[in-house]
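Colleague: Just input.pdb, nothing more (PDB, C-alpha atoms):
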ATOM      1  CA  MET A   1    -106.918 -71.270-141.446
ATOM      2  CA  GLN A   2    -103.786 -71.503-143.581
ATOM      3  CA  ALA A   3    -103.286 -72.878-147.058
ATOM      4  CA  ILE A   4    -100.046 -74.761-147.711
ATOM      5  CA  GLN A   5     -98.735 -75.769-151.081
ATOM      6  CA  ASN A   6     -95.470 -77.657-151.043
ATOM      7  CA  HIS A   7     -93.545 -77.459-154.290
ATOM      8  CA  THR A   8     -90.039 -78.135-152.956
ATOM      9  CA  LEU A   9     -87.396 -80.231-154.679
ATOM     10  CA  THR A  10     -85.565 -80.832-151.397
ATOM     11  CA  THR A  11     -85.115 -84.512-150.579
ATOM     12  CA  SER A  12     -83.262 -84.110-147.280
ATOM     13  CA  ASP A  13     -85.172 -83.575-144.038
ATOM     14  CA  SER A  14     -82.428 -81.214-142.836
ATOM     15  CA  PRO A  15     -81.333 -78.688-145.472
ATOM     16  CA  PHE A  16     -78.412 -76.417-144.648
ATOM     17  CA  VAL A  17     -80.365 -73.130-144.853
ATOM     18  CA  SER A  18     -84.040 -72.203-144.702
ATOM     19  CA  PHE A  19     -84.834 -68.907-146.430
ATOM     20  CA  ILE A  20     -88.036 -67.531-144.902
ATOM     21  CA  ILE A  21     -89.564 -64.881-147.171
ATOM     22  CA  THR A  22     -92.432 -62.825-145.751
ATOM     23  CA  TYR A  23     -94.854 -61.311-148.244
ATOM     24  CA  TYR A  24     -97.775 -58.903-147.995
ATOM     25  CA  ASN A  25     -99.106 -56.892-150.957
ATOM     26  CA  ILE A  26     -95.672 -56.507-152.520
ATOM     27  CA  PRO A  27     -95.244 -55.774-156.245
ATOM     28  CA  SER A  28     -94.744 -59.069-158.068
ATOM     29  CA  ASP A  29     -91.588 -57.890-159.828
ATOM     30  CA  MET A  30     -89.930 -57.248-156.470
ATOM     31  CA  LEU A  31     -90.896 -60.693-155.205
ATOM     32  CA  ARG A  32     -89.513 -62.267-158.370
ATOM     33  CA  GLN A  33     -86.217 -60.420-157.917
ATOM     34  CA  CYS A  34     -86.097 -61.596-154.310
ATOM     35  CA  LEU A  35     -86.605 -65.213-155.350
ATOM     36  CA  GLY A  36     -84.130 -64.835-158.186
ATOM     37  CA  SER A  37     -81.408 -63.617-155.828
ATOM     38  CA  ILE A  38     -81.797 -66.779-153.736
ATOM     39  CA  ALA A  39     -81.936 -69.013-156.792
ATOM     40  CA  ALA A  40     -78.625 -67.485-157.925
ATOM     41  CA  LEU A  41     -76.782 -68.838-154.876
ATOM     42  CA  GLN A  42     -74.512 -71.826-155.320
ATOM     43  CA  LEU A  43     -76.682 -74.096-153.195
ATOM     44  CA  SER A  44     -78.017 -77.433-154.325
ATOM     45  CA  PRO A  45     -81.730 -78.177-153.921
ATOM     46  CA  GLU A  46     -80.812 -80.517-151.056
ATOM     47  CA  ASP A  47     -78.875 -77.769-149.271
ATOM     48  CA  HIS A  48     -81.660 -75.242-148.933
ATOM     49  CA  GLU A  49     -85.366 -74.617-148.785
ATOM     50  CA  ILE A  50     -87.427 -71.511-149.537
ATOM     51  CA  LEU A  51     -90.538 -70.819-147.471
ATOM     52  CA  LEU A  52     -92.771 -68.075-148.839
ATOM     53  CA  ILE A  53     -95.151 -66.900-146.112
ATOM     54  CA  ASP A  54     -98.041 -64.903-147.544
ATOM     55  CA  ASP A  55     -99.557 -62.838-144.729
ATOM     56  CA  GLY A  56    -103.039 -62.727-146.256
ATOM     57  CA  SER A  57    -102.276 -60.493-149.237
ATOM     58  CA  ASP A  58    -105.206 -59.113-151.220
ATOM     59  CA  GLN A  59    -104.135 -61.354-154.074
ATOM     60  CA  SER A  60    -101.973 -64.470-154.009
ATOM     61  CA  PRO A  61     -98.631 -64.093-155.857
ATOM     62  CA  ILE A  62     -98.736 -67.685-157.119
ATOM     63  CA  GLU A  63     -99.527 -66.840-160.744
ATOM     64  CA  ALA A  64     -96.734 -64.250-160.943
ATOM     65  CA  ILE A  65     -94.086 -66.666-159.624
ATOM     66  CA  LYS A  66     -95.310 -69.940-161.084
ATOM     67  CA  ASP A  67     -91.887 -70.715-162.598
ATOM     68  CA  TYR A  68     -90.382 -70.629-159.077
ATOM     69  CA  LEU A  69     -93.018 -72.899-157.507
ATOM     70  CA  PRO A  70     -90.998 -76.133-157.894
ATOM     71  CA  GLN A  71     -88.325 -74.565-155.691
ATOM     72  CA  LEU A  72     -90.391 -73.388-152.734
ATOM     73  CA  THR A  73     -93.056 -74.050-150.139
ATOM     74  CA  TYR A  74     -95.900 -71.533-150.240
ATOM     75  CA  ILE A  75     -97.850 -70.897-147.032
ATOM     76  CA  ARG A  76    -100.773 -68.492-146.892
ATOM     77  CA  GLN A  77    -102.279 -67.299-143.613
ATOM     78  CA  LYS A  78    -104.954 -64.844-142.597
ATOM     79  CA  HIS A  79    -103.446 -61.367-142.289
ATOM     80  CA  GLN A  80    -101.882 -61.236-138.812
ATOM     81  CA  GLY A  81     -98.699 -59.227-139.271
ATOM     82  CA  LEU A  82     -94.993 -59.804-139.792
ATOM     83  CA  SER A  83     -94.322 -61.376-136.394
ATOM     84  CA  VAL A  84     -96.907 -64.128-136.848
ATOM     85  CA  ALA A  85     -95.724 -64.742-140.417
ATOM     86  CA  ARG A  86     -92.112 -65.153-139.303
ATOM     87  CA  ASN A  87     -93.094 -67.383-136.408
ATOM     88  CA  LEU A  88     -95.020 -69.578-138.827
ATOM     89  CA  GLY A  89     -91.949 -69.750-141.027
ATOM     90  CA  ILE A  90     -89.794 -70.782-138.072
ATOM     91  CA  GLU A  91     -92.160 -73.606-137.154
ATOM     92  CA  ALA A  92     -92.344 -74.838-140.762
ATOM     93  CA  SER A  93     -88.594 -74.606-141.447
ATOM     94  CA  LYS A  94     -86.351 -77.662-141.468
ATOM     95  CA  GLY A  95     -82.992 -75.998-142.091
ATOM     96  CA  ARG A  96     -80.021 -75.974-139.772
ATOM     97  CA  TYR A  97     -79.744 -72.205-140.315
ATOM     98  CA  ILE A  98     -82.435 -69.593-140.941
ATOM     99  CA  GLN A  99     -82.294 -66.452-143.051
ATOM    100  CA  PHE A 100     -85.223 -64.020-143.011
ATOM    101  CA  VAL A 101     -85.808 -62.077-146.217
ATOM    102  CA  ASP A 102     -88.518 -59.469-146.719
ATOM    103  CA  GLY A 103     -90.287 -60.042-150.012
ATOM    104  CA  ASP A 104     -89.456 -56.569-151.350
ATOM    105  CA  ASP A 105     -85.743 -56.982-150.608
ATOM    106  CA  MET A 106     -83.143 -59.319-152.072
ATOM    107  CA  LEU A 107     -79.744 -60.835-151.456
ATOM    108  CA  ASN A 108     -76.535 -59.791-153.155
ATOM    109  CA  PRO A 109     -75.673 -63.356-154.225
ATOM    110  CA  SER A 110     -71.891 -63.210-154.708
ATOM    111  CA  VAL A 111     -71.473 -61.365-151.390
ATOM    112  CA  TYR A 112     -73.893 -63.612-149.529
ATOM    113  CA  GLU A 113     -71.807 -66.602-150.650
ATOM    114  CA  HIS A 114     -69.079 -65.185-148.408
ATOM    115  CA  CYS A 115     -71.452 -65.515-145.423
ATOM    116  CA  LEU A 116     -72.327 -69.089-146.368
ATOM    117  CA  GLY A 117     -68.610 -69.833-146.538
ATOM    118  CA  ILE A 118     -68.213 -68.601-142.970
ATOM    119  CA  LEU A 119     -71.013 -70.919-141.858
ATOM    120  CA  ARG A 120     -69.374 -73.919-143.455
ATOM    121  CA  LYS A 121     -65.910 -73.151-142.100
ATOM    122  CA  GLU A 122     -66.668 -71.836-138.600
ATOM    123  CA  ASP A 123     -70.018 -73.437-137.647
ATOM    124  CA  PRO A 124     -71.159 -70.334-135.683
ATOM    125  CA  ASP A 125     -74.518 -69.588-134.123
ATOM    126  CA  ILE A 126     -74.824 -66.258-135.962
ATOM    127  CA  VAL A 127     -73.136 -64.572-138.914
ATOM    128  CA  LEU A 128     -73.852 -60.838-138.828
ATOM    129  CA  PHE A 129     -73.453 -58.929-142.102
ATOM    130  CA  GLN A 130     -74.202 -55.495-143.546
ATOM    131  CA  LEU A 131     -77.360 -54.198-145.190
ATOM    132  CA  THR A 132     -77.089 -51.897-148.180
ATOM    133  CA  ASP A 133     -79.469 -49.957-150.416
ATOM    134  CA  LYS A 134     -77.826 -51.027-153.672
ATOM    135  CA  HIS A 135     -76.497 -53.981-155.593
ATOM    136  CA  GLU A 136     -73.074 -54.982-154.271
ATOM    137  CA  THR A 137     -70.477 -57.413-155.585
ATOM    138  CA  THR A 138     -67.416 -56.605-153.458
ATOM    139  CA  VAL A 139     -66.529 -59.549-151.234
ATOM    140  CA  PRO A 140     -64.456 -58.907-148.069
ATOM    141  CA  GLU A 141     -61.204 -60.781-147.699
ATOM    142  CA  ASP A 142     -61.690 -61.514-144.000
ATOM    143  CA  TYR A 143     -64.118 -61.431-141.086
ATOM    144  CA  ALA A 144     -64.004 -60.876-137.323
ATOM    145  CA  HIS A 145     -62.956 -63.483-134.789
ATOM    146  CA  PRO A 146     -65.820 -65.347-133.103
ATOM    147  CA  VAL A 147     -67.166 -63.931-129.827
ATOM    148  CA  GLU A 148     -70.073 -64.741-127.553
ATOM    149  CA  GLY A 149     -73.250 -62.855-128.331
ATOM    150  CA  SER A 150     -73.261 -61.008-125.001
ATOM    151  CA  GLU A 151     -69.641 -59.921-125.540
ATOM    152  CA  TYR A 152     -70.515 -58.553-128.957
ATOM    153  CA  MET A 153     -73.410 -56.589-127.459
ATOM    154  CA  ARG A 154     -71.196 -55.127-124.721
ATOM    155  CA  HIS A 155     -68.853 -53.589-127.272
ATOM    156  CA  HIS A 156     -71.057 -52.774-130.269
ATOM    157  CA  ASN A 157     -74.318 -51.062-131.076
ATOM    158  CA  LEU A 158     -76.525 -53.921-132.173
ATOM    159  CA  ARG A 159     -78.251 -53.638-135.545
ATOM    160  CA  ALA A 160     -81.705 -54.978-134.828
ATOM    161  CA  SER A 161     -82.962 -56.004-138.278
ATOM    162  CA  ALA A 162     -83.684 -59.744-138.280
ATOM    163  CA  CYS A 163     -82.755 -59.780-141.966
ATOM    164  CA  GLY A 164     -79.215 -58.642-141.152
ATOM    165  CA  TYR A 165     -77.867 -62.012-140.028
ATOM    166  CA  ILE A 166     -78.158 -65.736-140.595
ATOM    167  CA  PHE A 167     -78.546 -67.865-137.471
ATOM    168  CA  ARG A 168     -78.661 -71.426-136.229
ATOM    169  CA  LYS A 169     -82.245 -72.517-135.630
ATOM    170  CA  LEU A 170     -81.387 -74.398-132.431
ATOM    171  CA  THR A 171     -80.127 -71.143-130.903
ATOM    172  CA  LEU A 172     -83.716 -69.905-130.757
ATOM    173  CA  VAL A 173     -84.883 -72.434-128.161
ATOM    174  CA  ASN A 174     -88.326 -70.926-127.392
ATOM    175  CA  LEU A 175     -87.628 -67.404-128.679
ATOM    176  CA  ARG A 176     -90.233 -66.030-131.075
ATOM    177  CA  PHE A 177     -91.422 -62.651-132.380
ATOM    178  CA  THR A 178     -94.031 -60.778-130.356
ATOM    179  CA  PRO A 179     -97.244 -60.559-132.423
ATOM    180  CA  GLY A 180     -98.997 -57.293-133.141
ATOM    181  CA  ILE A 181     -96.134 -54.810-132.804
ATOM    182  CA  LEU A 182     -94.137 -52.750-135.311
ATOM    183  CA  HIS A 183     -90.725 -53.060-133.654
ATOM    184  CA  GLU A 184     -90.558 -56.838-133.356
ATOM    185  CA  ASP A 185     -86.883 -56.989-134.400
ATOM    186  CA  GLU A 186     -85.804 -54.710-131.536
ATOM    187  CA  GLU A 187     -87.021 -57.289-129.050
ATOM    188  CA  PHE A 188     -86.145 -60.455-130.962
ATOM    189  CA  THR A 189     -82.531 -59.705-131.915
ATOM    190  CA  PRO A 190     -81.117 -58.991-128.420
ATOM    191  CA  GLY A 191     -82.800 -62.161-127.153
ATOM    192  CA  LEU A 192     -81.186 -64.185-129.923
ATOM    193  CA  PHE A 193     -77.707 -62.715-129.386
ATOM    194  CA  LEU A 194     -77.848 -63.406-125.645
ATOM    195  CA  ARG A 195     -78.446 -67.076-126.498
ATOM    196  CA  ALA A 196     -75.552 -67.243-128.993
ATOM    197  CA  GLU A 197     -72.204 -68.729-127.950
ATOM    198  CA  LYS A 198     -70.429 -67.984-131.235
ATOM    199  CA  VAL A 199     -71.076 -64.825-133.268
ATOM    200  CA  ILE A 200     -69.037 -63.773-136.295
ATOM    201  CA  SER A 201     -69.417 -60.373-137.920
ATOM    202  CA  THR A 202     -68.395 -59.443-141.443
ATOM    203  CA  GLU A 203     -68.395 -56.220-143.438
ATOM    204  CA  ALA A 204     -70.003 -58.061-146.353
ATOM    205  CA  LYS A 205     -72.881 -56.025-147.808
ATOM    206  CA  ALA A 206     -74.884 -59.159-148.398
ATOM    207  CA  TYR A 207     -78.474 -57.920-148.107
ATOM    208  CA  TYR A 208     -80.065 -55.419-150.489
ATOM    209  CA  TYR A 209     -82.628 -53.431-148.505
ATOM    210  CA  ARG A 210     -85.126 -51.483-150.576
ATOM    211  CA  LYS A 211     -87.264 -48.732-149.069
ATOM    212  CA  ARG A 212     -90.778 -48.480-150.428
ATOM    213  CA  GLU A 213     -92.597 -45.172-150.196
ATOM    214  CA  HIS A 214     -95.839 -46.651-148.872
ATOM    215  CA  SER A 215     -94.452 -49.371-146.621
ATOM    216  CA  ILE A 216     -95.595 -49.508-142.996
ATOM    217  CA  THR A 217     -92.063 -49.052-141.719
ATOM    218  CA  HIS A 218     -91.648 -45.709-143.440
ATOM    219  CA  GLY A 219     -95.182 -44.328-143.336
ATOM    220  CA  ASP A 220     -95.452 -40.749-142.040
ATOM    221  CA  GLU A 221     -99.137 -40.739-141.093
ATOM    222  CA  LYS A 222     -99.615 -39.378-137.580
ATOM    223  CA  ASP A 223    -101.380 -42.481-136.258
ATOM    224  CA  TRP A 224     -98.593 -44.736-137.531
ATOM    225  CA  VAL A 225     -95.923 -42.448-136.089
ATOM    226  CA  LEU A 226     -97.564 -42.549-132.660
ATOM    227  CA  ARG A 227     -98.065 -46.305-132.862
ATOM    228  CA  ARG A 228     -94.428 -46.873-133.811
ATOM    229  CA  LEU A 229     -93.316 -44.717-130.897
ATOM    230  CA  LYS A 230     -95.613 -46.553-128.478
ATOM    231  CA  ASP A 231     -94.409 -49.964-129.677
ATOM    232  CA  SER A 232     -90.812 -48.812-129.401
ATOM    233  CA  ARG A 233     -91.432 -47.657-125.832
ATOM    234  CA  ASP A 234     -93.151 -50.915-124.858
ATOM    235  CA  VAL A 235     -90.289 -53.016-126.262
ATOM    236  CA  LEU A 236     -87.851 -50.809-124.387
ATOM    237  CA  TYR A 237     -89.703 -51.373-121.104
ATOM    238  CA  ARG A 238     -89.817 -55.146-121.601
ATOM    239  CA  LEU A 239     -86.096 -55.312-122.318
ATOM    240  CA  ALA A 240     -85.344 -53.126-119.290
ATOM    241  CA  GLU A 241     -87.388 -55.431-117.054
ATOM    242  CA  ARG A 242     -85.476 -58.420-118.355
ATOM    243  CA  CYS A 243     -82.118 -56.845-117.430
ATOM    244  CA  ASP A 244     -82.773 -57.467-113.753
ATOM    245  CA  THR A 245     -83.192 -61.218-114.316
ATOM    246  CA  LEU A 246     -79.891 -61.821-116.136
ATOM    247  CA  PRO A 247     -76.369 -62.773-114.989
ATOM    248  CA  MET A 248     -73.980 -59.816-114.764
ATOM    249  CA  ALA A 249     -72.295 -60.171-118.180
ATOM    250  CA  ASP A 250     -75.602 -60.562-119.983
ATOM    251  CA  ARG A 251     -77.114 -57.744-117.939
ATOM    252  CA  GLU A 252     -74.348 -55.349-119.020
ATOM    253  CA  ALA A 253     -74.849 -56.402-122.630
ATOM    254  CA  LEU A 254     -78.601 -55.860-122.594
ATOM    255  CA  GLN A 255     -78.276 -52.633-120.582
ATOM    256  CA  ARG A 256     -76.192 -51.115-123.360
ATOM    257  CA  ARG A 257     -78.945 -52.012-125.808
ATOM    258  CA  VAL A 258     -81.606 -50.521-123.515
ATOM    259  CA  ASP A 259     -79.620 -47.283-123.191
ATOM    260  CA  GLN A 260     -79.197 -47.077-126.956
ATOM    261  CA  LEU A 261     -82.889 -47.748-127.567
ATOM    262  CA  THR A 262     -83.846 -45.085-125.016
ATOM    263  CA  MET A 263     -81.740 -42.568-126.923
ATOM    264  CA  ASP A 264     -83.251 -43.714-130.230
ATOM    265  CA  TYR A 265     -86.757 -43.451-128.791
ATOM    266  CA  LEU A 266     -86.193 -39.844-127.696
ATOM    267  CA  TYR A 267     -84.487 -38.987-130.976
ATOM    268  CA  ASN A 268     -87.451 -40.346-132.948
ATOM    269  CA  ILE A 269     -89.947 -38.435-130.815
ATOM    270  CA  ILE A 270     -88.090 -35.242-131.638
ATOM    271  CA  ARG A 271     -87.534 -36.019-135.313
ATOM    272  CA  GLN A 272     -90.999 -37.312-136.098
ATOM    273  CA  THR A 273     -93.184 -35.042-133.945
ATOM    274  CA  GLY A 274     -91.150 -31.958-132.993
ATOM    275  CA  ASP A 275     -93.588 -31.647-130.080
ATOM    276  CA  HIS A 276     -91.658 -30.402-127.054
ATOM    277  CA  GLN A 277     -94.588 -30.898-124.673
ATOM    278  CA  PHE A 278     -95.069 -34.489-125.837
ATOM    279  CA  LEU A 279     -91.323 -35.042-125.426
ATOM    280  CA  GLU A 280     -91.458 -33.833-121.828
ATOM    281  CA  GLN A 281     -94.378 -36.154-121.071
ATOM    282  CA  CYS A 282     -92.442 -39.114-122.479
ATOM    283  CA  ILE A 283     -89.350 -38.173-120.495
ATOM    284  CA  GLU A 284     -91.417 -38.095-117.299
ATOM    285  CA  ASP A 285     -92.640 -41.597-118.115
ATOM    286  CA  LEU A 286     -89.070 -42.780-118.787
ATOM    287  CA  THR A 287     -87.931 -41.239-115.499
ATOM    288  CA  ASN A 288     -90.629 -43.131-113.600
ATOM    289  CA  HIS A 289     -89.275 -46.350-115.136
ATOM    290  CA  GLY A 290     -85.680 -45.527-114.178
ATOM    291  CA  LEU A 291     -84.543 -44.979-117.776
ATOM    292  CA  PHE A 292     -83.900 -41.238-117.694
ATOM    293  CA  PRO A 293     -81.563 -39.369-117.465
ATOM    294  CA  LEU A 294     -79.476 -41.468-119.844
ATOM    295  CA  PRO A 295     -76.595 -43.197-118.038
ATOM    296  CA  ASN A 296     -73.150 -41.607-118.276
ATOM    297  CA  ARG A 297     -71.520 -44.107-120.630
ATOM    298  CA  ASN A 298     -69.007 -43.595-123.431
ATOM    299  CA  TYR A 299     -70.746 -45.840-125.933
ATOM    300  CA  THR A 300     -70.423 -43.619-129.008
ATOM    301  CA  LYS A 301     -69.838 -39.925-129.741
ATOM    302  CA  LYS A 302     -73.482 -39.584-130.782
ATOM    303  CA  TYR A 303     -74.656 -41.111-127.512
ATOM    304  CA  ILE A 304     -72.389 -38.856-125.442
ATOM    305  CA  LEU A 305     -73.553 -35.683-127.203
ATOM    306  CA  PHE A 306     -77.234 -36.629-127.092
ATOM    307  CA  ARG A 307     -77.037 -37.618-123.419
ATOM    308  CA  LYS A 308     -75.556 -34.237-122.482
ATOM    309  CA  ALA A 309     -77.983 -32.212-124.620
ATOM    310  CA  SER A 310     -81.076 -34.126-123.478
ATOM    311  CA  ALA A 311     -80.257 -33.789-119.786
ATOM    312  CA  THR A 312     -81.787 -30.288-119.513
ATOM    313  CA  LYS A 313     -85.009 -28.695-120.767
ATOM    314  CA  MET A 314     -83.031 -26.019-122.613
ATOM    315  CA  GLY A 315     -80.963 -28.718-124.288
ATOM    316  CA  ARG A 316     -84.084 -30.612-125.318
ATOM    317  CA  LYS A 317     -85.598 -27.466-126.857
ATOM    318  CA  TRP A 318     -82.389 -27.043-128.832
ATOM    319  CA  LEU A 319     -82.587 -30.673-129.992
ATOM    320  CA  CYS A 320     -86.171 -30.090-131.161
ATOM    321  CA  ARG A 321     -85.025 -27.162-133.290
ATOM    322  CA  ILE A 322     -82.166 -28.976-135.016
ATOM    323  CA  ILE A 323     -83.511 -32.541-135.306
ATOM    324  CA  HIS A 324     -87.211 -32.212-136.125
ATOM    325  CA  LYS A 325     -88.042 -33.419-139.643
ATOM    326  CA  ARG A 326     -90.245 -30.673-141.011
ATOM    327  CA  PRO A 327     -92.737 -31.373-143.836
TER     328      PRO A 327
END
Would you kindly transcribe this structure into structure tokens?
Modeller:
Amino acid sequence: MQAIQNHTLTTSDSPFVSFIITYYNIPSDMLRQCLGSIAALQLSPEDHEILLIDDGSDQSPIEAIKDYLPQLTYIRQKHQGLSVARNLGIEASKGRYIQFVDGDDMLNPSVYEHCLGILRKEDPDIVLFQLTDKHETTVPEDYAHPVEGSEYMRHHNLRASACGYIFRKLTLVNLRFTPGILHEDEEFTPGLFLRAEKVISTEAKAYYYRKREHSITHGDEKDWVLRRLKDSRDVLYRLAERCDTLPMADREALQRRVDQLTMDYLYNIIRQTGDHQFLEQCIEDLTNHGLFPLPNRNYTKKYILFRKASATKMGRKWLCRIIHKRP
């Protein structure tokens, strides 16, 4: 059962941008700053909508943000996780473009205006920008030429965060987030880019990403570490299976992402557990799925070095000594 309270001023059925804010037990001051950063944009009420999706927080934030209520639609659902909350936001949104914002983050308004300007001028499927951990006001003078999403993926390491780009809603088709996992962005973002015909990237640091000590993403508890690793592995296997069903250009694009995620998965096993025996078990599993050894590709210097070091047991023991994050 979900409770919906519509307090929007929007009169148009098709606003330019839908800002989908996901919220779960976030400090009210952070949520207010998030809403304030959107309110600071030079967008008329008819040009945008704000959807606040409360994923069953212990306490509703309504009282703390009552002065913002006329500007947003508040939707509360039973606690089901970020994926379900975002999917609900997608279904409820009316905007031509969608921007996801986590409730404890915020936009850098003057820089984000640069991204909105690209949308208005170029009419792309996706504008990809930079995330930063601080307030930023520097606006780039230019941006990259448009490319197809698969071409971008063939030549760049994709940043998976779904908050790191604004995208056309129609590009989704039937794409949604997989419920119940912790690495939903890793699966969603490649699927979106493969659907995109026109992607523009900019160096604009438009999104202010704030790390919270007790957030799920950065928790160090052993059970959470193992769950994150398992979810990462399962996403990796699903993406690898999809490679075989794609046309050649798209297959090459997704294969690069699979190779990168395989490296990241092994790196995180080493860094977060330091358990050489567990690492060897995971490598055996990857080998059985045709994902190890890592392919000989010159993606990045980091990839090349890690591929060479991880290819032997002695190299993997060395990686465990230098990478493991000790308490």
Colleague: Counting all atoms listed in the file, select every polymer residue within 10 Å of (-92.2, -48.9, -123.6) as defined in the file's coordinates, and provide the selection as a PyMOL selection string.
Modeller: chain A and resi 229-240+262+265+282+285-286+289
Colleague: I need the residue set behind the PyMOL selection byres ((chain A and resi 186-188) around 12) for this file; please write it as number ranges by chain.
Modeller: A: 83, 86-87, 158-163, 172, 174-179, 181-185, 189-195, 228, 231-240, 242, 254, 257-258, 260-262, 264-265
Colleague: Those selected residues, please, written with C-alpha atoms and delivered as a PDB file, keeping the file's coordinate frame.
Modeller:
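The resulting file, again_33.pdb, is shown below:
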ATOM      1  CA  SER A  83     -94.322 -61.376-136.394  1.00  0.00           C
ATOM      2  CA  ARG A  86     -92.112 -65.153-139.303  1.00  0.00           C
ATOM      3  CA  ASN A  87     -93.094 -67.383-136.408  1.00  0.00           C
ATOM      4  CA  LEU A 158     -76.525 -53.921-132.173  1.00  0.00           C
ATOM      5  CA  ARG A 159     -78.251 -53.638-135.545  1.00  0.00           C
ATOM      6  CA  ALA A 160     -81.705 -54.978-134.828  1.00  0.00           C
ATOM      7  CA  SER A 161     -82.962 -56.004-138.278  1.00  0.00           C
ATOM      8  CA  ALA A 162     -83.684 -59.744-138.280  1.00  0.00           C
ATOM      9  CA  CYS A 163     -82.755 -59.780-141.966  1.00  0.00           C
ATOM     10  CA  LEU A 172     -83.716 -69.905-130.757  1.00  0.00           C
ATOM     11  CA  ASN A 174     -88.326 -70.926-127.392  1.00  0.00           C
ATOM     12  CA  LEU A 175     -87.628 -67.404-128.679  1.00  0.00           C
ATOM     13  CA  ARG A 176     -90.233 -66.030-131.075  1.00  0.00           C
ATOM     14  CA  PHE A 177     -91.422 -62.651-132.380  1.00  0.00           C
ATOM     15  CA  THR A 178     -94.031 -60.778-130.356  1.00  0.00           C
ATOM     16  CA  PRO A 179     -97.244 -60.559-132.423  1.00  0.00           C
ATOM     17  CA  ILE A 181     -96.134 -54.810-132.804  1.00  0.00           C
ATOM     18  CA  LEU A 182     -94.137 -52.750-135.311  1.00  0.00           C
ATOM     19  CA  HIS A 183     -90.725 -53.060-133.654  1.00  0.00           C
ATOM     20  CA  GLU A 184     -90.558 -56.838-133.356  1.00  0.00           C
ATOM     21  CA  ASP A 185     -86.883 -56.989-134.400  1.00  0.00           C
ATOM     22  CA  THR A 189     -82.531 -59.705-131.915  1.00  0.00           C
ATOM     23  CA  PRO A 190     -81.117 -58.991-128.420  1.00  0.00           C
ATOM     24  CA  GLY A 191     -82.800 -62.161-127.153  1.00  0.00           C
ATOM     25  CA  LEU A 192     -81.186 -64.185-129.923  1.00  0.00           C
ATOM     26  CA  PHE A 193     -77.707 -62.715-129.386  1.00  0.00           C
ATOM     27  CA  LEU A 194     -77.848 -63.406-125.645  1.00  0.00           C
ATOM     28  CA  ARG A 195     -78.446 -67.076-126.498  1.00  0.00           C
ATOM     29  CA  ARG A 228     -94.428 -46.873-133.811  1.00  0.00           C
ATOM     30  CA  ASP A 231     -94.409 -49.964-129.677  1.00  0.00           C
ATOM     31  CA  SER A 232     -90.812 -48.812-129.401  1.00  0.00           C
ATOM     32  CA  ARG A 233     -91.432 -47.657-125.832  1.00  0.00           C
ATOM     33  CA  ASP A 234     -93.151 -50.915-124.858  1.00  0.00           C
ATOM     34  CA  VAL A 235     -90.289 -53.016-126.262  1.00  0.00           C
ATOM     35  CA  LEU A 236     -87.851 -50.809-124.387  1.00  0.00           C
ATOM     36  CA  TYR A 237     -89.703 -51.373-121.104  1.00  0.00           C
ATOM     37  CA  ARG A 238     -89.817 -55.146-121.601  1.00  0.00           C
ATOM     38  CA  LEU A 239     -86.096 -55.312-122.318  1.00  0.00           C
ATOM     39  CA  ALA A 240     -85.344 -53.126-119.290  1.00  0.00           C
ATOM     40  CA  ARG A 242     -85.476 -58.420-118.355  1.00  0.00           C
ATOM     41  CA  LEU A 254     -78.601 -55.860-122.594  1.00  0.00           C
ATOM     42  CA  ARG A 257     -78.945 -52.012-125.808  1.00  0.00           C
ATOM     43  CA  VAL A 258     -81.606 -50.521-123.515  1.00  0.00           C
ATOM     44  CA  GLN A 260     -79.197 -47.077-126.956  1.00  0.00           C
ATOM     45  CA  LEU A 261     -82.889 -47.748-127.567  1.00  0.00           C
ATOM     46  CA  THR A 262     -83.846 -45.085-125.016  1.00  0.00           C
ATOM     47  CA  ASP A 264     -83.251 -43.714-130.230  1.00  0.00           C
ATOM     48  CA  TYR A 265     -86.757 -43.451-128.791  1.00  0.00           C
TER      49      TYR A 265
END
Colleague: Ranking A:Gln80, A:Ser28, A:Ser37, A:Gln277 by minimum distance to Gly56 in chain A and counting only C-alpha atoms, which one comes first?
Modeller: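 With only C-alpha atoms as the atom set, the closest residue is A:Gln80.
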Colleague: Could you tell me, as a VMD selection string, exactly which residues end up selected when the PyMOL selection byres ((chain A and resi 126-139) around 6) is applied to this structure?
Modeller: chain A and resid 111 124 to 125 140 164 to 167 199 to 205 207 to 210
Colleague: Write the selection just made, keeping C-alpha atoms, as an mmCIF file, in the coordinates of the input?
Modeller:
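Output (part.cif):
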data_model
loop_
_atom_site.group_PDB
_atom_site.id
_atom_site.type_symbol
_atom_site.label_atom_id
_atom_site.label_comp_id
_atom_site.auth_asym_id
_atom_site.auth_seq_id
_atom_site.Cartn_x
_atom_site.Cartn_y
_atom_site.Cartn_z
ATOM 1 C CA VAL A 111 -71.473 -61.365 -151.390
ATOM 2 C CA PRO A 124 -71.159 -70.334 -135.683
ATOM 3 C CA ASP A 125 -74.518 -69.588 -134.123
ATOM 4 C CA PRO A 140 -64.456 -58.907 -148.069
ATOM 5 C CA GLY A 164 -79.215 -58.642 -141.152
ATOM 6 C CA TYR A 165 -77.867 -62.012 -140.028
ATOM 7 C CA ILE A 166 -78.158 -65.736 -140.595
ATOM 8 C CA PHE A 167 -78.546 -67.865 -137.471
ATOM 9 C CA VAL A 199 -71.076 -64.825 -133.268
ATOM 10 C CA ILE A 200 -69.037 -63.773 -136.295
ATOM 11 C CA SER A 201 -69.417 -60.373 -137.920
ATOM 12 C CA THR A 202 -68.395 -59.443 -141.443
ATOM 13 C CA GLU A 203 -68.395 -56.220 -143.438
ATOM 14 C CA ALA A 204 -70.003 -58.061 -146.353
ATOM 15 C CA LYS A 205 -72.881 -56.025 -147.808
ATOM 16 C CA TYR A 207 -78.474 -57.920 -148.107
ATOM 17 C CA TYR A 208 -80.065 -55.419 -150.489
ATOM 18 C CA TYR A 209 -82.628 -53.431 -148.505
ATOM 19 C CA ARG A 210 -85.126 -51.483 -150.576
#
